[in-house]
file protein_28.txt (compact mmCIF, N, CA and C atoms)
# COMPACT_ATOMS: atom_id res chain seq x y z
N MET A 1 9.51 -5.37 23.15
CA MET A 1 8.23 -5.38 22.46
C MET A 1 8.46 -5.36 20.95
N SER A 2 7.69 -6.13 20.23
CA SER A 2 7.80 -6.12 18.78
C SER A 2 6.44 -5.74 18.18
N ARG A 3 6.52 -5.17 16.97
CA ARG A 3 5.31 -4.79 16.25
C ARG A 3 5.51 -5.11 14.78
N TYR A 4 4.39 -5.37 14.13
CA TYR A 4 4.45 -5.57 12.69
C TYR A 4 4.42 -4.21 12.00
N GLY A 5 5.06 -4.17 10.84
CA GLY A 5 5.08 -2.95 10.06
C GLY A 5 5.32 -3.25 8.60
N ARG A 6 5.06 -2.26 7.79
CA ARG A 6 5.30 -2.35 6.34
C ARG A 6 6.14 -1.16 5.92
N TYR A 7 7.14 -1.45 5.09
CA TYR A 7 7.98 -0.37 4.57
C TYR A 7 7.18 0.50 3.60
N ARG A 8 7.46 1.78 3.65
CA ARG A 8 6.91 2.71 2.67
C ARG A 8 8.08 3.58 2.21
N VAL A 9 8.33 3.59 0.93
CA VAL A 9 9.41 4.38 0.35
C VAL A 9 8.75 5.51 -0.43
N LEU A 10 8.96 6.73 0.05
CA LEU A 10 8.24 7.88 -0.51
C LEU A 10 9.23 8.90 -1.08
N PRO A 11 9.02 9.35 -2.32
CA PRO A 11 9.93 10.33 -2.91
C PRO A 11 9.80 11.68 -2.19
N VAL A 12 10.94 12.28 -1.86
CA VAL A 12 10.95 13.58 -1.20
C VAL A 12 10.30 14.63 -2.10
N ALA A 13 10.51 14.52 -3.42
CA ALA A 13 9.95 15.49 -4.37
C ALA A 13 8.45 15.31 -4.58
N GLY A 14 7.88 14.26 -4.02
CA GLY A 14 6.45 14.01 -4.18
C GLY A 14 6.16 13.07 -5.33
N ASP A 15 4.90 12.73 -5.46
CA ASP A 15 4.45 11.83 -6.52
C ASP A 15 3.97 12.63 -7.71
N GLU A 16 4.13 12.06 -8.89
CA GLU A 16 3.61 12.65 -10.12
C GLU A 16 3.01 11.53 -10.94
N TYR A 17 1.79 11.69 -11.35
CA TYR A 17 1.11 10.65 -12.12
C TYR A 17 0.78 11.19 -13.51
N LEU A 18 0.93 10.34 -14.51
CA LEU A 18 0.61 10.71 -15.88
C LEU A 18 -0.76 10.16 -16.23
N GLY A 19 -1.49 10.95 -16.98
CA GLY A 19 -2.75 10.46 -17.52
C GLY A 19 -2.46 9.50 -18.66
N GLU A 20 -3.46 8.78 -19.08
CA GLU A 20 -3.27 7.77 -20.13
C GLU A 20 -2.74 8.37 -21.43
N THR A 21 -3.27 9.54 -21.82
CA THR A 21 -2.83 10.18 -23.06
C THR A 21 -1.38 10.65 -22.95
N GLU A 22 -1.05 11.28 -21.82
CA GLU A 22 0.32 11.76 -21.63
C GLU A 22 1.31 10.61 -21.58
N ALA A 23 0.95 9.52 -20.92
CA ALA A 23 1.84 8.35 -20.84
C ALA A 23 2.05 7.74 -22.23
N ALA A 24 1.00 7.69 -23.03
CA ALA A 24 1.11 7.10 -24.38
C ALA A 24 2.01 7.94 -25.27
N ALA A 25 2.11 9.25 -25.00
CA ALA A 25 2.94 10.14 -25.81
C ALA A 25 4.43 10.04 -25.47
N ARG A 26 4.76 9.39 -24.39
CA ARG A 26 6.16 9.27 -23.95
C ARG A 26 6.83 8.07 -24.62
N SER A 27 8.16 8.13 -24.70
CA SER A 27 8.92 7.01 -25.26
C SER A 27 8.89 5.83 -24.29
N PRO A 28 9.11 4.63 -24.78
CA PRO A 28 9.08 3.46 -23.89
C PRO A 28 10.12 3.55 -22.76
N ASN A 29 11.20 4.27 -22.97
CA ASN A 29 12.26 4.37 -21.97
C ASN A 29 12.29 5.71 -21.25
N PHE A 30 11.18 6.44 -21.24
CA PHE A 30 11.21 7.79 -20.71
C PHE A 30 11.61 7.84 -19.24
N LEU A 31 11.26 6.83 -18.46
CA LEU A 31 11.65 6.86 -17.04
C LEU A 31 13.16 6.72 -16.88
N PHE A 32 13.80 5.88 -17.69
CA PHE A 32 15.25 5.75 -17.64
C PHE A 32 15.92 7.07 -18.03
N ASP A 33 15.41 7.70 -19.09
CA ASP A 33 15.97 8.97 -19.54
C ASP A 33 15.76 10.06 -18.49
N GLU A 34 14.58 10.09 -17.90
CA GLU A 34 14.25 11.13 -16.93
C GLU A 34 15.10 11.01 -15.67
N ILE A 35 15.35 9.80 -15.19
CA ILE A 35 16.13 9.66 -13.96
C ILE A 35 17.58 10.07 -14.19
N LYS A 36 18.13 9.77 -15.37
CA LYS A 36 19.50 10.21 -15.68
C LYS A 36 19.60 11.73 -15.64
N GLU A 37 18.64 12.39 -16.25
CA GLU A 37 18.64 13.85 -16.28
C GLU A 37 18.46 14.43 -14.88
N ARG A 38 17.55 13.86 -14.12
CA ARG A 38 17.27 14.36 -12.78
C ARG A 38 18.47 14.19 -11.85
N VAL A 39 19.11 13.02 -11.89
CA VAL A 39 20.27 12.76 -11.03
C VAL A 39 21.45 13.66 -11.40
N SER A 40 21.55 14.03 -12.66
CA SER A 40 22.65 14.92 -13.07
C SER A 40 22.50 16.31 -12.46
N ARG A 41 21.26 16.71 -12.09
CA ARG A 41 21.01 18.02 -11.48
C ARG A 41 21.20 18.00 -9.97
N GLU A 42 20.70 16.94 -9.33
CA GLU A 42 20.74 16.87 -7.87
C GLU A 42 20.42 15.44 -7.44
N PRO A 43 20.78 15.08 -6.21
CA PRO A 43 20.43 13.74 -5.74
C PRO A 43 18.91 13.56 -5.71
N VAL A 44 18.47 12.37 -6.04
CA VAL A 44 17.06 12.01 -5.96
C VAL A 44 16.89 11.28 -4.64
N ARG A 45 16.04 11.84 -3.77
CA ARG A 45 15.94 11.32 -2.40
C ARG A 45 14.59 10.67 -2.14
N PHE A 46 14.66 9.62 -1.35
CA PHE A 46 13.46 8.91 -0.91
C PHE A 46 13.55 8.74 0.60
N ARG A 47 12.45 8.95 1.27
CA ARG A 47 12.39 8.70 2.71
C ARG A 47 11.76 7.33 2.93
N VAL A 48 12.35 6.58 3.84
CA VAL A 48 11.85 5.24 4.16
C VAL A 48 11.13 5.33 5.50
N PHE A 49 9.91 4.88 5.51
CA PHE A 49 9.10 4.84 6.72
C PHE A 49 8.65 3.40 6.97
N VAL A 50 8.26 3.13 8.19
CA VAL A 50 7.61 1.87 8.51
C VAL A 50 6.24 2.23 9.04
N GLN A 51 5.21 1.76 8.33
CA GLN A 51 3.84 1.97 8.77
C GLN A 51 3.54 0.86 9.78
N LEU A 52 3.14 1.24 10.98
CA LEU A 52 2.96 0.30 12.08
C LEU A 52 1.54 -0.25 12.13
N ALA A 53 1.45 -1.57 12.31
CA ALA A 53 0.16 -2.23 12.41
C ALA A 53 -0.48 -1.96 13.76
N GLU A 54 -1.79 -2.02 13.78
CA GLU A 54 -2.54 -1.95 15.02
C GLU A 54 -3.33 -3.23 15.19
N ASP A 55 -3.82 -3.47 16.38
CA ASP A 55 -4.61 -4.67 16.63
C ASP A 55 -5.72 -4.79 15.59
N GLY A 56 -5.86 -5.99 15.06
CA GLY A 56 -6.90 -6.25 14.07
C GLY A 56 -6.45 -6.09 12.64
N ASP A 57 -5.28 -5.47 12.40
CA ASP A 57 -4.78 -5.33 11.03
C ASP A 57 -4.33 -6.69 10.50
N THR A 58 -4.58 -6.94 9.23
CA THR A 58 -4.14 -8.18 8.59
C THR A 58 -2.64 -8.09 8.38
N ILE A 59 -1.90 -9.01 8.97
CA ILE A 59 -0.44 -8.95 8.89
C ILE A 59 0.16 -10.08 8.05
N ASP A 60 -0.67 -10.98 7.55
CA ASP A 60 -0.15 -12.10 6.78
C ASP A 60 -0.66 -12.10 5.34
N ASP A 61 -1.07 -10.93 4.84
CA ASP A 61 -1.54 -10.80 3.47
C ASP A 61 -1.23 -9.38 2.99
N ALA A 62 -0.15 -9.25 2.23
CA ALA A 62 0.31 -7.93 1.79
C ALA A 62 -0.66 -7.24 0.84
N THR A 63 -1.65 -7.98 0.32
CA THR A 63 -2.62 -7.36 -0.58
C THR A 63 -3.70 -6.59 0.15
N VAL A 64 -3.77 -6.75 1.47
CA VAL A 64 -4.77 -6.04 2.27
C VAL A 64 -4.14 -4.75 2.76
N ARG A 65 -4.69 -3.63 2.30
CA ARG A 65 -4.15 -2.31 2.69
C ARG A 65 -4.57 -1.97 4.12
N TRP A 66 -3.67 -1.29 4.79
CA TRP A 66 -4.00 -0.77 6.12
C TRP A 66 -4.48 0.66 5.96
N PRO A 67 -5.29 1.14 6.88
CA PRO A 67 -5.75 2.53 6.80
C PRO A 67 -4.57 3.51 6.78
N GLU A 68 -4.70 4.55 5.99
CA GLU A 68 -3.63 5.55 5.86
C GLU A 68 -3.29 6.22 7.19
N GLU A 69 -4.24 6.25 8.12
CA GLU A 69 -3.98 6.94 9.39
C GLU A 69 -3.11 6.12 10.34
N ARG A 70 -2.70 4.90 9.95
CA ARG A 70 -1.80 4.14 10.80
C ARG A 70 -0.50 4.92 10.97
N PRO A 71 0.06 4.91 12.18
CA PRO A 71 1.30 5.68 12.40
C PRO A 71 2.44 5.17 11.53
N GLN A 72 3.30 6.10 11.15
CA GLN A 72 4.49 5.78 10.37
C GLN A 72 5.71 6.31 11.12
N SER A 73 6.72 5.46 11.23
CA SER A 73 7.97 5.86 11.88
C SER A 73 9.04 6.03 10.83
N ALA A 74 9.79 7.12 10.93
CA ALA A 74 10.90 7.34 10.00
C ALA A 74 11.95 6.25 10.20
N PHE A 75 12.45 5.71 9.11
CA PHE A 75 13.39 4.59 9.16
C PHE A 75 14.71 4.97 8.54
N GLY A 76 14.71 5.95 7.64
CA GLY A 76 15.95 6.35 6.99
C GLY A 76 15.68 7.09 5.70
N GLU A 77 16.74 7.35 4.95
CA GLU A 77 16.62 8.05 3.67
C GLU A 77 17.59 7.43 2.68
N ILE A 78 17.16 7.35 1.45
CA ILE A 78 17.99 6.85 0.36
C ILE A 78 18.22 8.01 -0.60
N SER A 79 19.46 8.21 -1.01
CA SER A 79 19.79 9.24 -1.99
C SER A 79 20.45 8.60 -3.20
N LEU A 80 19.89 8.84 -4.37
CA LEU A 80 20.50 8.40 -5.62
C LEU A 80 21.33 9.56 -6.13
N ARG A 81 22.64 9.37 -6.21
CA ARG A 81 23.55 10.46 -6.56
C ARG A 81 24.13 10.35 -7.96
N GLU A 82 24.11 9.15 -8.51
CA GLU A 82 24.62 8.97 -9.87
C GLU A 82 24.09 7.66 -10.44
N ILE A 83 24.13 7.58 -11.74
CA ILE A 83 23.76 6.35 -12.43
C ILE A 83 25.04 5.53 -12.58
N ALA A 84 24.96 4.26 -12.29
CA ALA A 84 26.14 3.39 -12.41
C ALA A 84 26.67 3.46 -13.84
N PRO A 85 28.00 3.59 -14.01
CA PRO A 85 28.56 3.68 -15.36
C PRO A 85 28.18 2.49 -16.23
N ASN A 86 28.08 1.32 -15.65
CA ASN A 86 27.70 0.12 -16.39
C ASN A 86 26.30 -0.30 -15.95
N ASN A 87 25.39 0.65 -16.01
CA ASN A 87 24.04 0.48 -15.48
C ASN A 87 23.31 -0.74 -16.05
N ALA A 88 23.36 -0.94 -17.35
CA ALA A 88 22.64 -2.07 -17.95
C ALA A 88 23.16 -3.39 -17.39
N SER A 89 24.47 -3.50 -17.25
CA SER A 89 25.06 -4.72 -16.69
C SER A 89 24.69 -4.88 -15.22
N GLU A 90 24.74 -3.80 -14.47
CA GLU A 90 24.41 -3.84 -13.04
C GLU A 90 22.97 -4.28 -12.83
N GLN A 91 22.07 -3.86 -13.71
CA GLN A 91 20.67 -4.23 -13.57
C GLN A 91 20.47 -5.74 -13.68
N GLN A 92 21.37 -6.42 -14.37
CA GLN A 92 21.27 -7.87 -14.50
C GLN A 92 21.52 -8.58 -13.16
N HIS A 93 22.13 -7.88 -12.20
CA HIS A 93 22.50 -8.50 -10.92
C HIS A 93 21.57 -8.12 -9.77
N ILE A 94 20.60 -7.30 -10.03
CA ILE A 94 19.70 -6.85 -8.97
C ILE A 94 18.51 -7.80 -8.88
N ILE A 95 18.20 -8.20 -7.66
CA ILE A 95 16.96 -8.94 -7.43
C ILE A 95 16.28 -8.33 -6.22
N PHE A 96 14.99 -8.42 -6.20
CA PHE A 96 14.22 -7.96 -5.04
C PHE A 96 13.93 -9.16 -4.17
N ASP A 97 14.20 -9.03 -2.89
CA ASP A 97 13.89 -10.10 -1.96
C ASP A 97 12.86 -9.56 -0.98
N PRO A 98 11.63 -10.08 -1.01
CA PRO A 98 10.59 -9.55 -0.13
C PRO A 98 10.77 -9.97 1.34
N ILE A 99 11.69 -10.90 1.58
CA ILE A 99 11.90 -11.37 2.95
C ILE A 99 13.00 -10.54 3.59
N PRO A 100 12.70 -9.89 4.72
CA PRO A 100 13.76 -9.12 5.38
C PRO A 100 14.81 -10.08 5.93
N ARG A 101 16.05 -9.87 5.54
CA ARG A 101 17.13 -10.74 6.00
C ARG A 101 18.12 -9.91 6.80
N VAL A 102 17.56 -9.26 7.82
CA VAL A 102 18.32 -8.38 8.69
C VAL A 102 18.06 -8.81 10.12
N ASP A 103 19.11 -8.92 10.91
CA ASP A 103 18.93 -9.28 12.31
C ASP A 103 17.97 -8.30 12.98
N GLY A 104 17.01 -8.84 13.71
CA GLY A 104 16.06 -8.01 14.44
C GLY A 104 14.80 -7.69 13.68
N ILE A 105 14.76 -8.02 12.38
CA ILE A 105 13.56 -7.80 11.57
C ILE A 105 13.12 -9.15 11.03
N GLU A 106 11.92 -9.54 11.37
CA GLU A 106 11.40 -10.84 10.94
C GLU A 106 10.23 -10.65 9.99
N ALA A 107 10.06 -11.62 9.11
CA ALA A 107 8.94 -11.59 8.18
C ALA A 107 7.67 -12.02 8.90
N SER A 108 6.54 -11.55 8.38
CA SER A 108 5.26 -12.02 8.90
C SER A 108 5.00 -13.43 8.34
N ALA A 109 3.85 -13.94 8.63
CA ALA A 109 3.49 -15.28 8.15
C ALA A 109 2.85 -15.24 6.76
N ASP A 110 3.04 -14.19 6.01
CA ASP A 110 2.46 -14.08 4.67
C ASP A 110 2.95 -15.26 3.82
N PRO A 111 2.04 -16.10 3.35
CA PRO A 111 2.46 -17.31 2.62
C PRO A 111 3.07 -17.02 1.25
N LEU A 112 2.97 -15.79 0.76
CA LEU A 112 3.55 -15.47 -0.55
C LEU A 112 5.01 -15.04 -0.47
N PHE A 113 5.55 -14.78 0.72
CA PHE A 113 6.94 -14.35 0.82
C PHE A 113 7.90 -15.34 0.18
N GLU A 114 7.83 -16.59 0.57
CA GLU A 114 8.76 -17.60 0.04
C GLU A 114 8.61 -17.79 -1.46
N PRO A 115 7.39 -17.99 -2.00
CA PRO A 115 7.28 -18.14 -3.46
C PRO A 115 7.79 -16.90 -4.20
N ARG A 116 7.48 -15.71 -3.70
CA ARG A 116 7.95 -14.49 -4.38
C ARG A 116 9.47 -14.43 -4.36
N ALA A 117 10.08 -14.72 -3.21
CA ALA A 117 11.55 -14.69 -3.12
C ALA A 117 12.16 -15.68 -4.12
N ASN A 118 11.59 -16.85 -4.23
CA ASN A 118 12.10 -17.87 -5.16
C ASN A 118 11.94 -17.43 -6.61
N ILE A 119 10.79 -16.86 -6.93
CA ILE A 119 10.55 -16.41 -8.31
C ILE A 119 11.51 -15.28 -8.68
N TYR A 120 11.71 -14.33 -7.77
CA TYR A 120 12.64 -13.23 -8.05
C TYR A 120 14.07 -13.75 -8.22
N LEU A 121 14.46 -14.75 -7.44
CA LEU A 121 15.79 -15.33 -7.56
C LEU A 121 15.95 -16.01 -8.92
N ILE A 122 14.95 -16.79 -9.32
CA ILE A 122 15.00 -17.45 -10.63
C ILE A 122 15.06 -16.42 -11.75
N SER A 123 14.24 -15.37 -11.64
CA SER A 123 14.24 -14.31 -12.65
C SER A 123 15.61 -13.65 -12.76
N GLY A 124 16.22 -13.37 -11.61
CA GLY A 124 17.55 -12.76 -11.61
C GLY A 124 18.58 -13.65 -12.28
N ARG A 125 18.53 -14.92 -11.98
CA ARG A 125 19.47 -15.87 -12.60
C ARG A 125 19.28 -15.91 -14.11
N ARG A 126 18.03 -15.90 -14.56
CA ARG A 126 17.76 -15.93 -16.01
C ARG A 126 18.24 -14.65 -16.69
N ARG A 127 18.03 -13.50 -16.05
CA ARG A 127 18.51 -12.24 -16.64
C ARG A 127 20.03 -12.25 -16.77
N ARG A 128 20.71 -12.71 -15.72
CA ARG A 128 22.17 -12.75 -15.77
C ARG A 128 22.65 -13.71 -16.86
N ALA A 129 22.01 -14.86 -16.96
CA ALA A 129 22.39 -15.84 -17.98
C ALA A 129 22.15 -15.28 -19.39
N ALA A 130 21.06 -14.58 -19.57
CA ALA A 130 20.77 -13.99 -20.88
C ALA A 130 21.78 -12.91 -21.24
N GLY A 131 22.23 -12.16 -20.23
CA GLY A 131 23.22 -11.10 -20.47
C GLY A 131 24.59 -11.64 -20.80
N GLU A 132 24.89 -12.89 -20.43
CA GLU A 132 26.20 -13.48 -20.67
C GLU A 132 26.31 -14.07 -22.05
N GLN A 133 25.19 -14.28 -22.74
CA GLN A 133 25.23 -14.90 -24.07
C GLN A 133 25.76 -13.91 -25.08
N PRO A 134 26.53 -14.41 -26.06
CA PRO A 134 27.12 -13.51 -27.09
C PRO A 134 26.08 -12.92 -28.01
call {"tool": "encode", "arguments": {"input": "protein_28.txt", "output": "structure tokens"}}
result
Amino acid sequence: MSRYGRYRVLPVAGDEYLGETEAAARSPNFLFDEIKERVSREPVRFRVFVQLAEDGDTIDDATVRWPEERPQSAFGEISLREIAPNNASEQQHIIFDPIPRVDGIEASADPLFEPRANIYLISGRRRRAAGEQP
């Protein structure tokens, strides 16, 4: 049996939101600075869940939210234990691929998957090329 699902990556420490005034008072790189400091104290952990679709849920349009009460199955945990020593360079090589490319996991018929994957690939190539220039 197969079911559709959506990944949810949730911080173990919980969510924290800044108000507009507080966000404006922070430096442009405050998130980069904060994660370095946080990882130096302890691993930063995220739990990965898959929210399962039910009959009638829209499965081919990621912009349509499913009700929060949909069941979620634990899928794993990610722990960030250190910042890469050459972090700026490593960031030039990261791309997000919205299409699952894992045996046993198939993409839905969402028509935006392919264009998004292509755009992210082009963006990654441009970032790497820009980083190689003197």
call {"tool": "residues_around", "arguments": {"input": "protein_28.txt", "residues": "region 112-129 of chain A", "least_positions_apart": "3", "cutoff": "6.5 Å", "atoms": "only N, CA and C atoms", "output": "NGL selection string"}}
result
:A and (92-99 or 109 or 132-133)
call {"tool": "write_last_selection", "arguments": {"input": "protein_28.txt", "atoms": "N, CA and C atoms", "output": "mmCIF file, keeping the file's coordinate frame"}}
result
data_model
loop_
_atom_site.group_PDB
_atom_site.id
_atom_site.type_symbol
_atom_site.label_atom_id
_atom_site.label_comp_id
_atom_site.auth_asym_id
_atom_site.auth_seq_id
_atom_site.Cartn_x
_atom_site.Cartn_y
_atom_site.Cartn_z
ATOM 1 N N GLN A 92 21.370 -6.420 -14.370
ATOM 2 C CA GLN A 92 21.270 -7.870 -14.500
ATOM 3 C C GLN A 92 21.520 -8.580 -13.160
ATOM 4 N N HIS A 93 22.130 -7.880 -12.200
ATOM 5 C CA HIS A 93 22.500 -8.500 -10.920
ATOM 6 C C HIS A 93 21.570 -8.120 -9.770
ATOM 7 N N ILE A 94 20.600 -7.300 -10.030
ATOM 8 C CA ILE A 94 19.700 -6.850 -8.970
ATOM 9 C C ILE A 94 18.510 -7.800 -8.880
ATOM 10 N N ILE A 95 18.200 -8.200 -7.660
ATOM 11 C CA ILE A 95 16.960 -8.940 -7.430
ATOM 12 C C ILE A 95 16.280 -8.330 -6.220
ATOM 13 N N PHE A 96 14.990 -8.420 -6.200
ATOM 14 C CA PHE A 96 14.220 -7.960 -5.040
ATOM 15 C C PHE A 96 13.930 -9.160 -4.170
ATOM 16 N N ASP A 97 14.200 -9.030 -2.890
ATOM 17 C CA ASP A 97 13.890 -10.100 -1.960
ATOM 18 C C ASP A 97 12.860 -9.560 -0.980
ATOM 19 N N PRO A 98 11.630 -10.080 -1.010
ATOM 20 C CA PRO A 98 10.590 -9.550 -0.130
ATOM 21 C C PRO A 98 10.770 -9.970 1.340
ATOM 22 N N ILE A 99 11.690 -10.900 1.580
ATOM 23 C CA ILE A 99 11.900 -11.370 2.950
ATOM 24 C C ILE A 99 13.000 -10.540 3.590
ATOM 25 N N ALA A 109 3.850 -13.940 8.630
ATOM 26 C CA ALA A 109 3.490 -15.280 8.150
ATOM 27 C C ALA A 109 2.850 -15.240 6.760
ATOM 28 N N GLU A 132 24.890 -12.890 -20.430
ATOM 29 C CA GLU A 132 26.200 -13.480 -20.670
ATOM 30 C C GLU A 132 26.310 -14.070 -22.050
ATOM 31 N N GLN A 133 25.190 -14.280 -22.740
ATOM 32 C CA GLN A 133 25.230 -14.900 -24.070
ATOM 33 C C GLN A 133 25.760 -13.910 -25.080
#
call {"tool": "residues_around", "arguments": {"input": "protein_28.txt", "residues": "region 75-81 of chain A", "least_positions_apart": "4", "cutoff": "6 Å", "atoms": "all atoms listed in the file", "output": "MDAnalysis selection string"}}
result
chainID A and resid 39 42:50
call {"tool": "select_by_dssp", "arguments": {"input": "protein_28.txt", "residues": "chain A", "states": "alpha helix (DSSP H)", "output": "VMD selection string"}}
result
chain A and resid 20 to 24 30 to 41 87 to 91 113 to 132
call {"tool": "select_by_dssp", "arguments": {"input": "protein_28.txt", "residues": "chain A", "states": "strand (DSSP E or B)", "output": "ChimeraX atom specification"}}
result
/A:5-11,44-52,72-80,102,105
call {"tool": "axis_aligned_box", "arguments": {"input": "protein_28.txt", "around": "region 39-47 of chain A", "padding_each_side": "5 Å", "output": "AutoDock Vina command-line options"}}
result
--center_x 17.2 --center_y 12.7 --center_z -5.1 --size_x 20.9 --size_y 20.7 --size_z 26.0
call {"tool": "atom_distance", "arguments": {"input": "protein_28.txt", "atom1": "CA of Gly5 (chain A)", "atom2": "CA of Ala53 (chain A)"}}
result
5.5 Å
call {"tool": "atom_distance", "arguments": {"input": "protein_28.txt", "atom1": "atom C of Ala84 (chain A)", "atom2": "CA of Ile35 (chain A)"}}
result
12.2 Å
call {"tool": "closest_residue", "arguments": {"input": "protein_28.txt", "among": "A:Glu82, A:Leu10, A:Arg3, A:Glu20", "to": "Asp55 (chain A)", "atoms": "only C-alpha atoms"}}
result
A:Arg3
call {"tool": "closest_residue", "arguments": {"input": "protein_28.txt", "among": "A:Ser40, A:Leu31, A:Gln51, A:Arg101", "to": "Tyr7 (chain A)", "atoms": "all atoms listed in the file"}}
result
A:Gln51
call {"tool": "atom_distance", "arguments": {"input": "protein_28.txt", "atom1": "CA of Leu52 (chain A)", "atom2": "CA of Ala13 (chain A)"}}
result
23.5 Å
